[in-house]
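A short worksheet on the structure shown next.
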Amino acid sequence: MRTSCVTADDALPLALVDYLQKAERIAVLTGAGMSAESGVPTFREAQTGLWERYDPLELATPEAFERDPQLVWDWYQWRRELVERSVPNAGHLALAELQKRIPGFTLITQNVDGLHELAGSEEVLELHGNICRSICSRTRQRINPEWLARHCGQSPIPSPHHPQGLVRPDVVWFRESLDSYTLQRAIEAAADCQLMLVIGTSGLVHPAASIPMLAVERNALMIEVNPAASELSRHARWRLDGSAATWLPRLVAALRS
Ligand code: OAD
């Protein structure tokens, strides 16, 4: 099967529209590119200002946190503030709309920014956690943010050290395992879908990147939305060349037509 590349100037292929209109079970996998137009930098983009000289792939690790918890905490605090200033873009809103129209719709995300939920998406499978939550690094119990702010006497929390130990963001770091229940639900949705929509991911990080492959192996058709070719592009039937906020509203409009 050859991948067809569709650019923003092209009309949506009729076969794609037909497939979309008939699909009863759709699974969607989103990555950092989904939130790029909300102002959240993608993972592999250069960091700005203070963080320019740090590699996110080095900071998002248990070893980095063990070595220097304050540095990792400060980096997440910077990203949290970015996320707090961001709002869902037209792509996030279009996916929330798609969910209302398709009975068997599952949204799987690698993003930790919570923008899908803010856009109105429900039951989002957050494979890599959520940056807005904190957990105890020893017990992995969620920590109530008001409790944390009270004990640290300040908000935002200036330090990962609190009276009972170390606090960390509730995210999955490199070399850590994903929550098995969330992963299992994502796998089931991919294995059972007719259409797999892959948006804004480089397809480099596993097991997330294996999820669309599973769908394709089970004969689902893959559509990718990305302004650049990714590791997954060659498995897509169509690559919609462009941004999430451009293409996703067009897909919703095609569904209505
Ligand atoms: P990356 O930063 O690796 O890739 C972002 C992708 O988004 C690239 O393929 C871009 O071409 C694409 N992109 C950029 N702008 C876009 C836009 N406006 N619309 C659509 N696509 C756009 O991010 P991920 O692939 O999501 O994991 O990274 C996967 C995981 O690696 C992350 O969840 C994180 C990480 O490092 C952990 O932290 C465990």
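Following the order of the structure tokens, chains are lettered A, B, ..., residues in each are numbered from 1, and ligands are numbered from 1.
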message: Considering only strand (DSSP E) as DSSP defines it on the backbone, what residues of region 20-155 of chain A qualify? List them as JSON, numbers by chain.
response: {"A": [25, 26, 27, 28, 29, 30, 104, 105, 106, 107, 108, 109, 125, 126, 129, 130, 131, 132, 133, 134, 135, 136, 142, 143]}
Produce a file of the selected residues containing N, CA and C atoms, as a PDB file, in the first residue's frame.
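Wrote it out as result28.pdb, contents follow:
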```pdb
ATOM      1  N   ARG A  25     -15.825   2.776  14.454  1.00  0.00           N
ATOM      2  CA  ARG A  25     -14.858   2.699  15.560  1.00  0.00           C
ATOM      3  C   ARG A  25     -13.565   3.388  15.117  1.00  0.00           C
ATOM      4  N   ILE A  26     -13.286   4.500  15.790  1.00  0.00           N
ATOM      5  CA  ILE A  26     -12.083   5.271  15.456  1.00  0.00           C
ATOM      6  C   ILE A  26     -11.201   5.375  16.694  1.00  0.00           C
ATOM      7  N   ALA A  27      -9.910   5.100  16.510  1.00  0.00           N
ATOM      8  CA  ALA A  27      -8.949   5.350  17.597  1.00  0.00           C
ATOM      9  C   ALA A  27      -8.025   6.469  17.141  1.00  0.00           C
ATOM     10  N   VAL A  28      -7.662   7.329  18.074  1.00  0.00           N
ATOM     11  CA  VAL A  28      -6.810   8.481  17.749  1.00  0.00           C
ATOM     12  C   VAL A  28      -5.598   8.457  18.679  1.00  0.00           C
ATOM     13  N   LEU A  29      -4.418   8.651  18.121  1.00  0.00           N
ATOM     14  CA  LEU A  29      -3.212   8.809  18.956  1.00  0.00           C
ATOM     15  C   LEU A  29      -2.645  10.192  18.701  1.00  0.00           C
ATOM     16  N   THR A  30      -2.516  10.981  19.759  1.00  0.00           N
ATOM     17  CA  THR A  30      -1.933  12.317  19.577  1.00  0.00           C
ATOM     18  C   THR A  30      -0.570  12.404  20.266  1.00  0.00           C
ATOM     19  N   GLY A 104     -17.988   4.697  18.688  1.00  0.00           N
ATOM     20  CA  GLY A 104     -16.804   3.957  19.155  1.00  0.00           C
ATOM     21  C   GLY A 104     -15.549   4.788  18.989  1.00  0.00           C
ATOM     22  N   PHE A 105     -15.423   5.834  19.782  1.00  0.00           N
ATOM     23  CA  PHE A 105     -14.294   6.760  19.619  1.00  0.00           C
ATOM     24  C   PHE A 105     -13.386   6.675  20.842  1.00  0.00           C
ATOM     25  N   THR A 106     -12.105   6.453  20.618  1.00  0.00           N
ATOM     26  CA  THR A 106     -11.152   6.416  21.744  1.00  0.00           C
ATOM     27  C   THR A 106     -10.007   7.371  21.468  1.00  0.00           C
ATOM     28  N   LEU A 107      -9.755   8.238  22.424  1.00  0.00           N
ATOM     29  CA  LEU A 107      -8.650   9.200  22.283  1.00  0.00           C
ATOM     30  C   LEU A 107      -7.503   8.794  23.204  1.00  0.00           C
ATOM     31  N   ILE A 108      -6.358   8.532  22.552  1.00  0.00           N
ATOM     32  CA  ILE A 108      -5.158   8.117  23.289  1.00  0.00           C
ATOM     33  C   ILE A 108      -4.141   9.244  23.100  1.00  0.00           C
ATOM     34  N   THR A 109      -3.529   9.708  24.179  1.00  0.00           N
ATOM     35  CA  THR A 109      -2.556  10.789  23.994  1.00  0.00           C
ATOM     36  C   THR A 109      -1.245  10.502  24.719  1.00  0.00           C
ATOM     37  N   LEU A 125      -7.224   8.614  27.252  1.00  0.00           N
ATOM     38  CA  LEU A 125      -6.214   7.693  27.781  1.00  0.00           C
ATOM     39  C   LEU A 125      -4.857   8.404  27.744  1.00  0.00           C
ATOM     40  N   GLU A 126      -4.437   8.883  28.887  1.00  0.00           N
ATOM     41  CA  GLU A 126      -3.168   9.645  28.979  1.00  0.00           C
ATOM     42  C   GLU A 126      -2.026   8.665  29.250  1.00  0.00           C
ATOM     43  N   GLY A 129       0.777  10.203  31.508  1.00  0.00           N
ATOM     44  CA  GLY A 129       0.421  10.913  32.741  1.00  0.00           C
ATOM     45  C   GLY A 129      -0.033  12.336  32.481  1.00  0.00           C
ATOM     46  N   ASN A 130       0.029  13.142  33.546  1.00  0.00           N
ATOM     47  CA  ASN A 130      -0.448  14.529  33.452  1.00  0.00           C
ATOM     48  C   ASN A 130       0.428  15.416  34.324  1.00  0.00           C
ATOM     49  N   ILE A 131       0.973  16.417  33.701  1.00  0.00           N
ATOM     50  CA  ILE A 131       1.952  17.294  34.353  1.00  0.00           C
ATOM     51  C   ILE A 131       1.333  18.119  35.492  1.00  0.00           C
ATOM     52  N   CYS A 132       0.022  18.280  35.447  1.00  0.00           N
ATOM     53  CA  CYS A 132      -0.630  19.122  36.462  1.00  0.00           C
ATOM     54  C   CYS A 132      -0.819  18.378  37.785  1.00  0.00           C
ATOM     55  N   ARG A 133      -0.622  17.064  37.785  1.00  0.00           N
ATOM     56  CA  ARG A 133      -0.743  16.308  39.041  1.00  0.00           C
ATOM     57  C   ARG A 133       0.641  16.021  39.609  1.00  0.00           C
ATOM     58  N   SER A 134       0.680  15.839  40.924  1.00  0.00           N
ATOM     59  CA  SER A 134       1.946  15.452  41.563  1.00  0.00           C
ATOM     60  C   SER A 134       1.731  14.156  42.336  1.00  0.00           C
ATOM     61  N   ILE A 135       2.825  13.380  42.443  1.00  0.00           N
ATOM     62  CA  ILE A 135       2.741  12.137  43.232  1.00  0.00           C
ATOM     63  C   ILE A 135       3.941  12.049  44.170  1.00  0.00           C
ATOM     64  N   CYS A 136       3.817  11.213  45.185  1.00  0.00           N
ATOM     65  CA  CYS A 136       4.939  10.957  46.087  1.00  0.00           C
ATOM     66  C   CYS A 136       5.894  10.039  45.319  1.00  0.00           C
ATOM     67  N   ARG A 142      -1.114   9.865  44.690  1.00  0.00           N
ATOM     68  CA  ARG A 142      -1.372  11.237  44.239  1.00  0.00           C
ATOM     69  C   ARG A 142      -1.382  12.198  45.415  1.00  0.00           C
ATOM     70  N   ILE A 143      -0.913  13.393  45.195  1.00  0.00           N
ATOM     71  CA  ILE A 143      -0.858  14.371  46.278  1.00  0.00           C
ATOM     72  C   ILE A 143      -1.812  15.503  45.973  1.00  0.00           C
TER      73      ILE A 143
END
```
Which residues of region 121-196 of chain A have any atom within 12 Å of an atom in region 223-235 of chain A when counting only C-alpha atoms, and what is the closest pair of atoms for each, with the distance in Å to one decimal? Order the rows by chain and rising number and write it as CSV.
```
residue,atom,partner,partner_atom,distance
A:Gln194,CA,A:Ile223,CA,11.1
A:Leu195,CA,A:Ile223,CA,7.6
A:Met196,CA,A:Ile223,CA,6.3
```
Could you please take those selected residues and save C-alpha atoms as a CSV table (one decimal), in the first residue's frame?
```csv
chain,number,residue,atom,x,y,z
A,194,GLN,CA,-11.5,0.6,11.6
A,195,LEU,CA,-9.7,3.9,11.4
A,196,MET,CA,-6.6,5.0,13.2
```
Nearest residue to ligand 1 from the set A:Trp73, A:Trp173, A:Tyr19, A:Trp247 (distances using only C-alpha atoms and all ligand atoms): A:Trp173
message: Distance limit 9 Å, reference ligand 1, atoms considered: only C-alpha atoms and all ligand atoms. Which residues make the cut? Give them as a PyMOL selection string.
response: chain A and resi 30-38+41-45+56-57+60-61+91+109-112+127-129+171-176+178+199-206+208-209+225-231+241-247
message: So, with only C-alpha atoms as the atoms that count, which of A:Val83, A:Ala90, A:Pro207, A:Gln99 lies closest to Ser180 (chain A)?
response: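 Ranking A:Val83, A:Ala90, A:Pro207, A:Gln99 by distance to Ser180 (chain A), first place goes to A:Pro207.
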